[in-house]
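**Q** I have a structure I would like to understand better, so I am pasting it below and will then ask my questions one at a time.
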Amino acid sequence: MSIPKRSKPKQTLKSVQILHLEDNKLDRELIQVMLEDSGLVCRITAVETRQDYVKQIAKKEWDVILSDYSLPAFDGFEALKIAAKDCPTAPAIKY
């Protein structure tokens with residue numbers, strides 16, 4: 001008589017909500033691939049402009065904010081100031 005194997009309970013992982021401010025499509029794709037390859041379950045919303053960034057920040061649903069350091073008409077420091085004011089609980093990473 002063999003003992004039946006017990007199945008492991010399925011884990012329900014919460015998706016990490018990421019706001020990604022990046023104007024370079026290849027950089028956005030690289031970051032997404034790296035995060036997915038690490039096993040992170042995430043939903044990434046990419047924005048390229050200050051206007052779109054401010055619109056998304058207002059939703060206050062972000063677990064983390066990633067920001068490019070240098071953008072044509074907007075920079076990472078300014079993005080971090082907006083995030084600190086409008087979405088203070090989300091860690092913001094400038095790269």
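Please note that chains go A, B, ... in the order of the structure tokens, that every chain numbers its residues from 1, and that ligands are numbered from 1 in the order shown.
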Residues of chain A classed as alpha helix (DSSP H) by DSSP on the backbone are to be reported as a count of residues only.
**A** 32
**Q** Do a neighbour search on Ile57 of chain A at 7 Å with only C-alpha atoms, toss out local chain neighbours closer than 6 positions, and write the hits as a ChimeraX atom specification.
**A** /A:83,86-87
**Q** Give me the residues within 8 Å of segment 64-78 of chain A as a list of chain:residue names, counting only C-alpha atoms and dropping any in the same chain fewer than 2 places off.
**A**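 Neighbouring residues, sequence-local ones excluded: A:Val16, A:Gln17, A:Ile18, A:Leu19, A:His20, A:Leu21, A:Glu22, A:Asp23, A:Thr49, A:Arg50, A:Trp62, A:Leu80, A:Lys81, A:Ile82, A:Ala83, A:Ala90, A:Pro91, A:Ala92, A:Ile93, A:Lys94, A:Tyr95.
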**Q** Between atom CA of Asp63 of chain A and atom CA of Arg28 of chain A, what is the spacing in Å?
**A**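 Between atom CA of Arg28 of chain A and atom CA of Asp63 of chain A the gap is 17.5 Å.
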